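The next block is protein_38.cif, given as mmCIF, C-alpha atoms.
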data_final
loop_
_atom_site.label_atom_id
_atom_site.label_comp_id
_atom_site.auth_asym_id
_atom_site.auth_seq_id
_atom_site.Cartn_x
_atom_site.Cartn_y
_atom_site.Cartn_z
CA MET A 1212 20.31 -0.83 45.35
CA GLU A 1213 16.49 -1.11 45.41
CA GLN A 1214 16.18 2.52 46.47
CA LEU A 1215 18.64 3.65 43.80
CA MET A 1216 16.67 1.82 41.09
CA ALA A 1217 13.41 3.34 42.36
CA ASP A 1218 14.96 6.82 42.27
CA LEU A 1219 16.34 6.22 38.77
CA LYS A 1220 12.94 5.18 37.44
CA LYS A 1221 11.38 8.42 38.73
CA GLN A 1222 14.26 10.49 37.35
CA ILE A 1223 14.11 8.81 33.93
CA ILE A 1224 10.36 9.44 33.68
CA GLU A 1225 10.90 13.07 34.67
CA ALA A 1226 13.94 13.71 32.45
CA LEU A 1227 12.51 12.03 29.37
CA ASN A 1228 8.96 13.29 29.99
CA LEU A 1229 7.51 9.74 29.89
CA LYS A 1230 4.18 10.91 31.31
CA HIS A 1231 2.38 7.80 30.11
CA LEU A 1232 4.51 5.65 32.45
CA LYS A 1233 4.71 5.17 36.21
CA PRO A 1234 7.85 3.89 37.97
CA GLU A 1235 6.20 0.52 38.59
CA ASN A 1236 5.69 0.14 34.82
CA ILE A 1237 9.46 -0.05 34.29
CA GLY A 1238 10.99 -3.40 35.15
CA ASP A 1239 14.44 -3.49 36.74
CA ASP A 1240 15.79 -5.62 33.87
CA GLN A 1241 13.52 -4.29 31.12
CA PRO A 1242 15.50 -3.09 28.08
CA LEU A 1243 15.31 0.70 27.83
CA PHE A 1244 16.05 0.96 24.11
CA GLY A 1245 14.61 -0.75 21.04
CA ASP A 1246 11.68 -3.02 21.73
CA GLY A 1247 11.75 -2.36 25.49
CA LEU A 1248 10.87 1.16 26.55
CA GLY A 1249 11.51 2.43 23.02
CA LEU A 1250 14.09 5.06 23.90
CA ASP A 1251 16.32 6.48 21.16
CA SER A 1252 19.70 8.15 20.70
CA ILE A 1253 18.56 11.56 21.99
CA ASP A 1254 17.31 9.84 25.14
CA ALA A 1255 20.76 8.29 25.54
CA LEU A 1256 22.26 11.79 25.60
CA GLU A 1257 19.64 12.86 28.17
CA LEU A 1258 20.58 9.84 30.34
CA ILE A 1259 24.28 10.79 30.18
CA VAL A 1260 23.34 14.28 31.41
CA LEU A 1261 21.12 12.77 34.13
CA LEU A 1262 23.99 10.63 35.50
CA GLN A 1263 26.34 13.58 35.43
CA GLN A 1264 23.94 16.01 37.12
CA ASN A 1265 22.38 13.72 39.71
CA TYR A 1266 25.21 11.30 40.52
CA LYS A 1267 28.38 13.07 39.34
CA VAL A 1268 29.12 10.00 37.26
CA LYS A 1269 30.67 10.36 33.80
CA ILE A 1270 30.93 7.77 31.07
CA ASP A 1271 34.53 7.90 29.96
CA ASN A 1272 34.29 5.37 27.15
CA PRO A 1273 31.31 5.89 24.78
CA GLN A 1274 31.67 2.23 23.70
CA ASP A 1275 30.37 1.25 27.14
CA GLY A 1276 27.09 3.15 26.61
CA PRO A 1277 24.96 0.27 25.26
CA SER A 1278 25.82 -2.03 28.17
CA ILE A 1279 25.44 0.70 30.82
CA PHE A 1280 22.08 1.89 29.50
CA ARG A 1281 20.70 -1.60 28.84
CA SER A 1282 18.30 -1.39 31.82
CA VAL A 1283 17.63 0.49 35.04
CA LYS A 1284 19.53 -2.25 36.90
CA SER A 1285 22.62 -1.90 34.69
CA ILE A 1286 22.61 1.89 35.17
CA ALA A 1287 22.32 1.46 38.96
CA GLU A 1288 25.21 -1.01 38.96
CA TYR A 1289 27.34 1.43 36.96
CA ILE A 1290 26.54 4.27 39.36
CA ARG A 1291 27.43 2.10 42.37
CA ALA A 1292 30.70 1.04 40.78
CA ASN A 1293 31.77 4.53 39.70
CA GLN A 1294 30.33 6.97 42.21
CA THR A 1295 32.91 8.53 44.47
CA ALA A 1296 31.88 8.65 48.13
CA MET B 657 -10.05 36.78 -10.19
CA ALA B 658 -7.38 35.50 -7.86
CA ASN B 659 -5.47 32.49 -9.10
CA ILE B 660 -3.96 31.40 -5.80
CA PHE B 661 -6.42 29.68 -3.52
CA ILE B 662 -6.66 28.77 0.14
CA THR B 663 -7.58 25.08 0.14
CA GLY B 664 -7.10 24.35 3.84
CA MET B 665 -6.80 26.26 7.12
CA GLY B 666 -5.93 25.42 10.70
CA THR B 667 -5.42 27.72 13.65
CA ILE B 668 -4.87 27.56 17.38
CA SER B 669 -5.34 30.95 18.99
CA PRO B 670 -6.54 32.59 22.22
CA GLN B 671 -10.04 31.86 20.91
CA LYS B 672 -11.53 28.42 20.32
CA THR B 673 -10.76 28.47 16.62
CA TRP B 674 -10.60 24.72 16.09
CA GLY B 675 -13.45 22.23 15.91
CA ASP B 676 -16.77 22.52 14.14
CA ALA B 677 -18.34 25.54 15.88
CA PRO B 678 -19.40 28.48 13.69
CA LEU B 679 -16.88 31.32 13.36
CA LEU B 680 -16.26 32.94 16.77
CA SER B 681 -19.59 31.69 18.10
CA GLU B 682 -17.95 31.36 21.52
CA VAL B 683 -15.71 34.32 22.36
CA THR B 684 -13.19 33.56 25.11
CA GLU B 685 -12.67 36.36 27.61
CA HIS B 686 -9.21 36.55 29.15
CA ASN B 687 -8.74 38.63 32.29
CA SER B 688 -5.00 38.78 32.02
CA GLU B 689 -2.05 40.80 30.76
CA ARG B 690 -1.56 38.15 28.08
CA LEU B 691 -3.76 36.02 25.87
CA ALA B 692 -2.87 32.33 26.00
CA CYS B 693 -4.09 29.94 23.34
CA VAL B 694 -7.17 27.79 23.85
CA GLU B 695 -5.53 24.48 23.03
CA PRO B 696 -7.13 21.27 21.81
CA ASP B 697 -6.40 17.74 23.04
CA TYR B 698 -3.24 16.97 21.07
CA THR B 699 -3.54 13.20 21.46
CA GLN B 700 -5.93 13.25 18.49
CA TRP B 701 -2.87 14.05 16.31
CA PHE B 702 0.09 12.54 18.16
CA ASP B 703 0.81 9.49 20.28
CA PRO B 704 2.37 10.01 23.74
CA ARG B 705 5.83 9.06 22.51
CA GLN B 706 5.76 11.90 19.96
CA LEU B 707 4.25 14.38 22.39
CA ARG B 708 6.78 13.89 25.15
CA ARG B 709 9.53 15.85 23.42
CA MET B 710 7.35 18.53 21.91
CA SER B 711 7.19 21.94 23.56
CA ARG B 712 3.91 23.85 23.48
CA VAL B 713 4.74 25.88 20.38
CA LEU B 714 5.68 22.71 18.52
CA LYS B 715 2.41 21.05 19.46
CA MET B 716 0.45 24.13 18.41
CA GLY B 717 2.33 24.49 15.13
CA VAL B 718 2.19 20.84 14.10
CA ALA B 719 -1.49 20.55 15.09
CA ALA B 720 -2.41 23.70 13.10
CA GLY B 721 -0.49 22.32 10.12
CA SER B 722 -2.29 18.99 10.44
CA MET B 723 -5.69 20.72 10.52
CA ALA B 724 -4.87 22.67 7.35
CA LEU B 725 -3.64 19.58 5.51
CA LYS B 726 -6.72 17.60 6.55
CA GLU B 727 -9.03 20.36 5.32
CA ALA B 728 -7.12 20.49 2.03
CA ASN B 729 -7.35 16.71 1.84
CA ILE B 730 -3.67 16.20 1.17
CA ALA B 731 -1.24 14.00 3.09
CA VAL B 732 2.08 15.63 2.21
CA PRO B 733 2.55 19.17 0.86
CA ASP B 734 5.12 20.07 -1.79
CA ALA B 735 6.62 22.80 0.40
CA ILE B 736 6.47 24.00 4.00
CA ILE B 737 7.01 27.70 4.74
CA THR B 738 6.85 28.99 8.30
CA GLY B 739 7.00 32.50 9.72
CA THR B 740 7.95 32.99 13.34
CA GLY B 741 9.23 36.11 15.05
CA TYR B 742 10.28 34.52 18.32
CA GLY B 743 10.80 30.86 17.38
CA CYS B 744 10.75 28.18 20.05
CA LEU B 745 10.98 30.36 23.14
CA GLU B 746 10.19 27.71 25.75
CA ASP B 747 13.06 25.45 24.71
CA THR B 748 15.34 28.47 24.23
CA GLY B 749 14.56 29.55 27.80
CA ILE B 750 15.19 26.05 29.18
CA PHE B 751 18.43 25.74 27.23
CA LEU B 752 19.79 29.10 28.39
CA THR B 753 18.68 28.58 31.99
CA LYS B 754 20.31 25.12 32.13
CA MET B 755 23.46 26.55 30.60
CA VAL B 756 23.73 28.96 33.53
CA GLU B 757 22.65 26.44 36.18
CA ASN B 758 25.05 23.75 34.96
CA ASN B 759 27.95 26.12 34.53
CA GLU B 760 27.97 25.46 30.78
CA GLU B 761 28.48 21.72 31.28
CA ALA B 762 26.20 18.71 30.75
CA LEU B 763 23.54 20.53 28.76
CA ASN B 764 20.32 18.70 27.98
CA PRO B 765 20.22 17.96 24.24
CA THR B 766 16.45 18.14 23.67
CA PRO B 767 15.85 21.85 24.43
CA PHE B 768 19.08 22.71 22.62
CA ILE B 769 18.05 20.85 19.46
CA GLN B 770 14.54 22.29 19.60
CA SER B 771 15.46 25.87 20.42
CA THR B 772 16.04 26.93 16.83
CA HIS B 773 13.38 28.84 14.91
CA ASN B 774 13.14 26.26 12.13
CA THR B 775 12.20 23.41 14.48
CA ILE B 776 8.47 23.88 13.80
CA GLY B 777 8.68 23.53 10.01
CA SER B 778 11.29 20.80 10.34
CA LEU B 779 9.17 18.75 12.72
CA ILE B 780 6.15 18.96 10.41
CA ALA B 781 8.37 17.74 7.57
CA LEU B 782 9.83 14.91 9.66
CA MET B 783 6.42 13.72 10.80
CA LEU B 784 5.05 13.81 7.24
CA GLN B 785 8.27 12.54 5.65
CA CYS B 786 8.09 15.65 3.46
CA GLN B 787 11.38 16.17 1.66
CA GLY B 788 10.29 19.21 -0.33
CA TYR B 789 11.25 22.87 0.03
CA ASN B 790 11.26 23.89 3.70
CA GLN B 791 11.88 27.47 4.73
CA THR B 792 11.46 29.47 7.94
CA TYR B 793 11.25 33.26 7.89
CA THR B 794 12.22 35.04 11.10
CA GLN B 795 11.95 38.70 10.22
CA GLY B 796 10.13 40.04 13.23
CA ALA B 797 6.65 41.30 12.45
CA PHE B 798 7.09 40.58 8.73
CA SER B 799 7.79 36.87 9.26
CA PHE B 800 4.35 35.70 8.15
CA GLU B 801 4.10 38.23 5.32
CA ASN B 802 7.45 37.10 3.92
CA SER B 803 6.42 33.45 4.21
CA LEU B 804 3.28 34.29 2.30
CA LEU B 805 5.22 36.22 -0.33
CA ASP B 806 7.54 33.25 -0.83
CA ALA B 807 4.55 30.93 -1.25
CA LEU B 808 2.85 33.28 -3.72
CA MET B 809 5.99 33.57 -5.84
CA MET B 810 6.46 29.81 -5.79
CA LEU B 811 2.86 29.24 -6.89
CA LYS B 812 3.09 31.84 -9.66
CA ASP B 813 5.87 29.69 -11.14
CA GLU B 814 4.32 26.30 -10.41
CA PRO B 815 0.56 26.60 -9.82
CA ALA B 816 0.06 22.86 -9.28
CA LEU B 817 2.08 22.86 -6.07
CA LYS B 818 0.42 22.53 -2.68
CA VAL B 819 2.22 24.79 -0.24
CA LEU B 820 1.76 24.69 3.54
CA VAL B 821 2.42 28.20 4.82
CA GLY B 822 1.86 29.62 8.29
CA GLY B 823 2.82 31.73 11.24
CA VAL B 824 3.62 30.54 14.76
CA ASP B 825 4.63 32.38 17.94
CA GLU B 826 4.32 31.66 21.64
CA ILE B 827 4.50 33.52 24.94
CA THR B 828 6.43 31.99 27.83
CA ASP B 829 6.67 33.22 31.41
CA LEU B 830 10.27 34.24 30.75
CA SER B 831 9.54 36.07 27.48
CA HIS B 832 6.55 37.88 28.97
CA THR B 833 8.57 39.01 32.01
CA ILE B 834 11.31 40.37 29.74
CA GLN B 835 8.87 42.07 27.33
CA LYS B 836 6.93 43.68 30.15
CA ARG B 837 10.08 45.57 31.10
CA PHE B 838 9.92 47.36 27.74
CA GLY B 839 6.58 48.88 28.75
CA ILE B 840 4.93 47.90 25.47
CA PHE B 841 2.33 45.60 26.98
CA ARG B 842 -0.33 46.28 29.57
CA GLN B 843 1.02 46.08 33.09
CA GLN B 844 -2.15 44.95 34.88
CA PRO B 845 -4.62 42.15 34.10
CA GLU B 846 -7.60 43.40 32.09
CA SER B 847 -10.37 41.89 30.03
CA ASN B 848 -9.34 41.49 26.40
CA LEU B 849 -12.89 42.45 25.46
CA ASN B 850 -12.22 45.95 26.81
CA LEU B 851 -8.90 46.26 24.96
CA PHE B 852 -9.96 49.17 22.79
CA THR B 853 -11.68 51.18 25.50
CA THR B 854 -9.18 51.22 28.36
CA GLY B 855 -5.52 51.56 29.17
CA LYS B 856 -2.34 52.04 27.26
CA GLY B 857 -0.21 49.43 25.57
CA ALA B 858 -0.99 46.30 23.59
CA VAL B 859 -1.94 42.95 25.09
CA ASN B 860 0.57 40.15 24.56
CA GLY B 861 -0.67 37.27 22.42
CA GLU B 862 0.33 34.07 20.66
CA GLY B 863 -0.94 31.63 18.09
CA ALA B 864 -0.25 29.04 15.40
CA THR B 865 -1.90 29.21 12.00
CA TYR B 866 -1.23 27.28 8.81
CA PHE B 867 -2.83 27.35 5.37
CA VAL B 868 -2.57 25.20 2.30
CA LEU B 869 -2.25 27.38 -0.79
CA SER B 870 -2.37 26.22 -4.36
CA GLY B 871 -2.71 27.66 -7.85
CA GLU B 872 -5.24 24.94 -8.59
CA ASN B 873 -8.60 25.22 -6.93
CA THR B 874 -9.01 21.49 -6.34
CA SER B 875 -11.17 21.87 -3.24
CA ASP B 876 -13.63 24.44 -4.62
CA SER B 877 -12.13 27.01 -2.31
CA ALA B 878 -14.08 30.18 -1.73
CA VAL B 879 -11.07 32.35 -1.01
CA GLY B 880 -8.19 33.61 -3.12
CA VAL B 881 -5.03 35.40 -2.09
CA GLU B 882 -4.44 38.45 -4.21
CA ALA B 883 -1.43 40.31 -2.84
CA VAL B 884 0.84 41.05 0.10
CA ALA B 885 2.99 44.13 0.74
CA THR B 886 5.11 45.26 3.69
CA PHE B 887 6.33 48.72 4.78
CA TYR B 888 8.90 49.48 7.46
CA LYS B 889 8.71 52.83 9.25
CA ALA B 890 6.54 54.19 6.45
CA ASP B 891 4.69 57.51 6.52
CA GLU B 892 1.11 58.01 5.35
CA GLN B 893 2.15 58.96 1.82
CA THR B 894 4.29 55.80 1.44
CA LEU B 895 1.45 53.61 2.66
CA LYS B 896 -1.00 55.33 0.31
CA GLN B 897 1.35 54.82 -2.63
CA GLY B 898 1.86 51.17 -1.62
CA LEU B 899 -1.89 50.66 -1.45
CA ASP B 900 -2.39 52.26 -4.89
CA ASN B 901 0.24 49.95 -6.39
CA LEU B 902 -1.26 46.87 -4.75
CA LEU B 903 -4.79 47.71 -5.91
CA ARG B 904 -3.62 48.57 -9.43
CA ASP B 905 -1.91 45.16 -9.71
CA ALA B 906 -5.12 43.53 -8.50
CA ASN B 907 -7.28 45.52 -10.95
CA LEU B 908 -9.27 46.97 -8.08
CA LYS B 909 -10.22 50.43 -6.88
CA VAL B 910 -10.24 51.55 -3.25
CA SER B 911 -14.03 51.56 -3.38
CA ASP B 912 -13.94 47.83 -4.27
CA ILE B 913 -12.59 47.00 -0.79
CA ASP B 914 -15.61 45.83 1.18
CA PHE B 915 -13.93 45.30 4.52
CA VAL B 916 -10.66 46.40 6.10
CA LEU B 917 -9.40 44.29 9.01
CA LEU B 918 -7.25 46.57 11.12
CA GLY B 919 -4.25 45.67 13.27
CA THR B 920 -5.08 48.12 16.04
CA SER B 921 -3.52 46.75 19.21
CA GLY B 922 -5.09 48.67 22.09
CA ASP B 923 -2.29 51.21 22.35
CA ALA B 924 -4.30 54.42 21.97
CA GLY B 925 -1.51 56.50 20.42
CA ILE B 926 -0.52 54.00 17.75
CA ASP B 927 -4.12 53.02 17.07
CA LYS B 928 -5.16 56.62 16.46
CA THR B 929 -2.64 56.95 13.64
CA LEU B 930 -3.83 53.74 12.00
CA LEU B 931 -7.48 54.71 12.37
CA ASP B 932 -6.80 58.18 10.91
CA TYR B 933 -5.10 56.59 7.89
CA THR B 934 -8.00 54.17 7.49
CA VAL B 935 -10.71 56.85 7.53
CA LYS B 936 -8.86 58.75 4.80
CA MET B 937 -7.86 55.77 2.69
CA PHE B 938 -11.05 53.69 2.88
CA PRO B 939 -14.02 56.04 3.26
CA GLU B 940 -16.51 53.56 1.78
CA SER B 941 -15.40 50.32 3.44
CA SER B 942 -16.54 48.54 6.57
CA THR B 943 -13.79 48.13 9.15
CA GLY B 944 -13.07 45.67 11.92
CA VAL B 945 -10.45 44.70 14.49
CA PHE B 946 -8.94 41.43 15.69
CA LYS B 947 -6.18 41.90 18.26
CA HIS B 948 -8.58 41.76 21.22
CA LEU B 949 -9.03 38.14 20.06
CA SER B 950 -5.45 37.21 19.15
CA GLY B 951 -3.30 39.60 21.17
CA GLU B 952 -0.26 41.31 19.69
CA HIS B 953 2.62 39.18 18.45
CA PRO B 954 4.91 39.15 15.42
CA VAL B 955 2.70 36.83 13.36
CA ALA B 956 -0.68 38.18 14.50
CA SER B 957 -1.35 38.89 10.81
CA SER B 958 -1.60 35.12 10.27
CA PHE B 959 -4.61 35.10 12.64
CA ALA B 960 -6.03 38.05 10.69
CA PHE B 961 -5.47 36.08 7.47
CA TRP B 962 -7.39 33.13 8.92
CA LEU B 963 -10.18 35.40 10.18
CA ALA B 964 -10.48 37.27 6.87
CA ALA B 965 -10.57 33.99 4.93
CA LYS B 966 -13.25 32.58 7.22
CA MET B 967 -15.35 35.74 6.89
CA ILE B 968 -15.16 35.53 3.10
CA GLN B 969 -15.89 31.80 3.17
CA GLU B 970 -18.94 32.23 5.42
CA GLN B 971 -19.91 35.67 4.02
CA THR B 972 -20.41 37.01 7.51
CA ILE B 973 -18.61 39.39 9.84
CA PRO B 974 -18.90 38.47 13.53
CA SER B 975 -20.14 41.37 15.64
CA ILE B 976 -17.13 41.00 17.95
CA VAL B 977 -14.93 41.97 14.99
CA MET B 978 -16.99 44.83 13.53
CA LEU B 979 -15.89 48.42 14.11
CA HIS B 980 -17.70 50.36 11.35
CA ASP B 981 -20.47 48.59 9.47
CA THR B 982 -21.51 49.77 6.00
CA GLY B 983 -23.61 46.67 5.39
CA ARG B 984 -21.32 45.44 2.60
CA LYS B 985 -20.72 41.70 2.25
CA PRO B 986 -17.05 40.71 2.65
CA LYS B 987 -15.95 39.86 -0.91
CA ASN B 988 -12.72 41.87 -1.13
CA VAL B 989 -11.08 41.99 2.29
CA LEU B 990 -7.90 43.90 3.03
CA ILE B 991 -5.84 43.21 6.16
CA PHE B 992 -4.13 46.45 7.21
CA ASN B 993 -1.82 45.39 10.01
CA GLN B 994 0.67 47.29 12.10
CA TYR B 995 3.14 46.25 14.79
CA PHE B 996 4.06 48.91 17.34
CA GLY B 997 3.78 51.59 14.68
CA THR B 998 6.94 50.55 12.84
CA HIS B 999 5.79 47.59 10.72
CA HIS B 1000 2.80 47.94 8.39
CA SER B 1001 1.45 45.41 5.94
CA PHE B 1002 -1.40 44.92 3.48
CA ILE B 1003 -2.75 41.49 2.59
CA LEU B 1004 -5.59 41.32 0.08
CA LEU B 1005 -7.99 38.37 0.01
CA LYS B 1006 -11.00 37.98 -2.23
CA SER B 1007 -13.97 35.79 -2.75
CA CYS B 1008 -13.60 33.36 -5.67
CA ARG B 1009 -17.25 32.44 -5.92
CA ALA B 1010 -19.07 34.05 -8.79
CA SER B 1011 -22.12 34.58 -6.61
CA GLY B 1012 -20.02 36.17 -3.92
#
Can you dump the structure from the file as structure tokens?
Amino acid sequence: MEQLMADLKKQIIEALNLKHLKPENIGDDQPLFGDGLGLDSIDALELIVLLQQNYKVKIDNPQDGPSIFRSVKSIAEYIRANQTA
Amino acid sequence: MANIFITGMGTISPQKTWGDAPLLSEVTEHNSERLACVEPDYTQWFDPRQLRRMSRVLKMGVAAGSMALKEANIAVPDAIITGTGYGCLEDTGIFLTKMVENNEEALNPTPFIQSTHNTIGSLIALMLQCQGYNQTYTQGAFSFENSLLDALMMLKDEPALKVLVGGVDEITDLSHTIQKRFGIFRQQPESNLNLFTTGKGAVNGEGATYFVLSGENTSDSAVGVEAVATFYKADEQTLKQGLDNLLRDANLKVSDIDFVLLGTSGDAGIDKTLLDYTVKMFPESSTGVFKHLSGEHPVASSFAFWLAAKMIQEQTIPSIVMLHDTGRKPKNVLIFNQYFGTHHSFILLKSCRASG
């Protein structure tokens, strides 16, 4: 889980071009949207693509998006729960 | 006397054309097949959160627009008009490449959204919260001229408006590789300063230039825009007739043109035709060139427009530009541009200061 979260932080920085951040600047439980990292709706679409491309994980129900993308930890938990072996 | 004025200018080009240095006091030599822009530090205009989604052409375009607005001392223009032949090539390339790589599934939204030609003008409007007229012209090598024509017509109707008008185009690795296959650009790296003495073919270029135009000379501008005209696949007689019409409308004679800024591109065959026309049409004028500084691209005339305006403003012609010097001061300056021998245009600028 720790390794997955570390990988996700690097991938999020790369995919969203957050050059002003380093992986250690993103807390495991830090909110990604709103007052947290300040991501927006276009970033949410980029994160959906990231999960699909890197982990072959799809989000079937768009209503689940806010809870899945709440933090790096919640994304990692979703990947673990939905990734086929 | 011209009644449409340039009240602000901003340009990012293969020369250091931003900052406070005198006009072309430092000429940048490129030993390359293409001339890439000398770019400023964009963090002076944007915070990192804004910059992270912006491709290079967007940064160049928005920064050039910001420079022009600052010089004109206005926060939000009444209209934004942009000319771009290629549009946002970097994001277009990313979008198309990803489409192939991902088998047309799971496409990244950012390069898709920002791949359209009108992204540059739209982004300027979004950042300024400008809800006025916003138009992008994408008509190849007439894109800037048509943007200018639109602005001039708008200002003839409503002189009080402040219109931001410009031209933006970029080179990417992908676009340059594709264009090189056409054989229109130089195949080997060469110094841009030797462009007109060696080789065959133009040198690829890029740039972003914006101007604020208004029918009211609120900033004591030194430069007025008199006319613009375009000609597609025109012969010498058609160009001569077009020039006569343009000068007649401006109440000028050919002998009133002090300086002609030529769009010779380094391709000896095409350049010879343009130079032959020039010698016949403008026997009394000084002449100069600019594409060794900007490179060839669809909106290279916007760089020429900036250069001509600067020369009129400062009443000097840099030696790097001069081709044939008659000693005349640049009061009436005509840009005579061409693009691969098929597109020709005239843009007439003039000094608005009584003393010259």
For stretch 1224-1235 of chain A, find every residue with an atom within 8 Å (counting all atoms listed in the file), except residues of its own chain fewer than 5 positions away, and show them as a ChimeraX atom specification. /A:1217,1254,1257-1258,1261 /B:704-705,708-709
Evaluate the PyMOL selection byres ((chain B) within 12 of (chain A)) and report residues as a ChimeraX atom specification: /B:699,703-711,754,757-759,761-770
Take every atom of stretch 926-934 of chain B listed in the file, pad by 5 Å on each side, and give me the axis-aligned box centre and edge lengths in Å, one decimal, as AutoDock Vina command-line options.
--center_x -4.3 --center_y 55.6 --center_z 12.6 --size_x 17.5 --size_y 15.2 --size_z 20.3
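Across the chains present, the PyMOL selection byres ((chain B and resi 776) around 8) applied to this file returns Val713, Leu714, Gly717, Val718, Thr738, Cys744, His773, Asn774, Thr775, Gly777, Ser778, Leu779 and Ile780 of chain B.
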Result set, the PyMOL selection byres ((chain B and resi 933) around 12) on current file, as a PDB file with C-alpha atoms, in the coordinates of the input:
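out03.pdb, written as the output of this step:
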ATOM      1  CA  ALA B 890       6.540  54.190   6.450  1.00  0.00           C
ATOM      2  CA  ASP B 891       4.690  57.510   6.520  1.00  0.00           C
ATOM      3  CA  GLU B 892       1.110  58.010   5.350  1.00  0.00           C
ATOM      4  CA  GLN B 893       2.150  58.960   1.820  1.00  0.00           C
ATOM      5  CA  THR B 894       4.290  55.800   1.440  1.00  0.00           C
ATOM      6  CA  LEU B 895       1.450  53.610   2.660  1.00  0.00           C
ATOM      7  CA  LYS B 896      -1.000  55.330   0.310  1.00  0.00           C
ATOM      8  CA  LEU B 899      -1.890  50.660  -1.450  1.00  0.00           C
ATOM      9  CA  VAL B 916     -10.660  46.400   6.100  1.00  0.00           C
ATOM     10  CA  LEU B 918      -7.250  46.570  11.120  1.00  0.00           C
ATOM     11  CA  THR B 920      -5.080  48.120  16.040  1.00  0.00           C
ATOM     12  CA  ILE B 926      -0.520  54.000  17.750  1.00  0.00           C
ATOM     13  CA  ASP B 927      -4.120  53.020  17.070  1.00  0.00           C
ATOM     14  CA  LYS B 928      -5.160  56.620  16.460  1.00  0.00           C
ATOM     15  CA  THR B 929      -2.640  56.950  13.640  1.00  0.00           C
ATOM     16  CA  LEU B 930      -3.830  53.740  12.000  1.00  0.00           C
ATOM     17  CA  LEU B 931      -7.480  54.710  12.370  1.00  0.00           C
ATOM     18  CA  ASP B 932      -6.800  58.180  10.910  1.00  0.00           C
ATOM     19  CA  THR B 934      -8.000  54.170   7.490  1.00  0.00           C
ATOM     20  CA  VAL B 935     -10.710  56.850   7.530  1.00  0.00           C
ATOM     21  CA  LYS B 936      -8.860  58.750   4.800  1.00  0.00           C
ATOM     22  CA  MET B 937      -7.860  55.770   2.690  1.00  0.00           C
ATOM     23  CA  PHE B 938     -11.050  53.690   2.880  1.00  0.00           C
ATOM     24  CA  PRO B 939     -14.020  56.040   3.260  1.00  0.00           C
ATOM     25  CA  PHE B 992      -4.130  46.450   7.210  1.00  0.00           C
ATOM     26  CA  ASN B 993      -1.820  45.390  10.010  1.00  0.00           C
ATOM     27  CA  GLN B 994       0.670  47.290  12.100  1.00  0.00           C
ATOM     28  CA  HIS B1000       2.800  47.940   8.390  1.00  0.00           C
TER      29      HIS B1000
END
I'd like the interatomic distance between atom CA of B:Leu963 and atom CA of B:Leu1005, to a tenth of an Å. 10.8 Å
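The closest residue to B:Gly951, picked from B:Ser975, B:Asn860, B:Thr853, B:Thr740 and counting only C-alpha atoms, is B:Asn860.
Taking atom CA of A:Lys1221 as the reference point, atom CA of A:Asp1240 is found at 15.5 Å.
From atom CA of A:Asp1275 back to atom CA of A:Lys1220, the distance works out to 20.6 Å.
Candidate residues A:Arg1281, A:Ile1270, A:Gln1222, A:Asn1236 were compared for distance to A:Asp1251, and the nearest is A:Arg1281, using all atoms listed in the file.
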Report as a ChimeraX atom specification all protein, DNA and RNA residues lying within 8 Å of B:Ala965, evaluated on all atoms listed in the file, omitting residues in the same chain fewer than 3 positions from it. /B:879,961-962,968-969,1005
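Between B:Ile730 and the residues B:Thr972, B:Ser950, B:Thr874, B:Asn802, the shortest atom-to-atom distance, using all atoms listed in the file, involves B:Thr874.
Counting all atoms listed in the file and comparing B:Cys1008, B:Ala816, B:Leu804, B:Leu949, the residue that lies closest to B:Thr886 is B:Leu804.
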Residue neighbourhood B:Lys818, 9 Å, only C-alpha atoms, exclusion window fewer than 5 positions, as a PyMOL selection string: chain B and resi 663+730+732-735+811+868-872
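Among the candidates B:Thr865, B:Gln787, B:Thr854, B:Ser771, the residue lying nearest to B:Trp674 is B:Thr865 (atoms considered: all atoms listed in the file).
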Atoms are missing here; could stretch 1243-1250 of chain A be completed with N, CA and C atoms and written as an mmCIF file, in the coordinates of the input?
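See result17.cif below for the written result:
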data_model
loop_
_atom_site.group_PDB
_atom_site.id
_atom_site.type_symbol
_atom_site.label_atom_id
_atom_site.label_comp_id
_atom_site.auth_asym_id
_atom_site.auth_seq_id
_atom_site.Cartn_x
_atom_site.Cartn_y
_atom_site.Cartn_z
ATOM 1 N N LEU A 1243 15.782 -0.690 27.957
ATOM 2 C CA LEU A 1243 15.310 0.700 27.830
ATOM 3 C C LEU A 1243 15.180 1.117 26.375
ATOM 4 N N PHE A 1244 16.033 0.563 25.523
ATOM 5 C CA PHE A 1244 16.050 0.960 24.110
ATOM 6 C C PHE A 1244 15.408 -0.117 23.237
ATOM 7 N N GLY A 1245 15.173 0.216 21.994
ATOM 8 C CA GLY A 1245 14.610 -0.750 21.040
ATOM 9 C C GLY A 1245 13.222 -1.184 21.439
ATOM 10 N N ASP A 1246 13.021 -2.495 21.488
ATOM 11 C CA ASP A 1246 11.680 -3.020 21.730
ATOM 12 C C ASP A 1246 11.203 -2.814 23.171
ATOM 13 N N GLY A 1247 12.121 -2.529 24.084
ATOM 14 C CA GLY A 1247 11.750 -2.360 25.490
ATOM 15 C C GLY A 1247 10.927 -1.108 25.703
ATOM 16 N N LEU A 1248 11.581 -0.092 26.276
ATOM 17 C CA LEU A 1248 10.870 1.160 26.550
ATOM 18 C C LEU A 1248 10.801 2.047 25.311
ATOM 19 N N GLY A 1249 11.564 1.681 24.290
ATOM 20 C CA GLY A 1249 11.510 2.430 23.020
ATOM 21 C C GLY A 1249 12.288 3.720 23.020
ATOM 22 N N LEU A 1250 13.294 3.838 23.895
ATOM 23 C CA LEU A 1250 14.090 5.060 23.900
ATOM 24 C C LEU A 1250 14.988 5.118 22.676
#
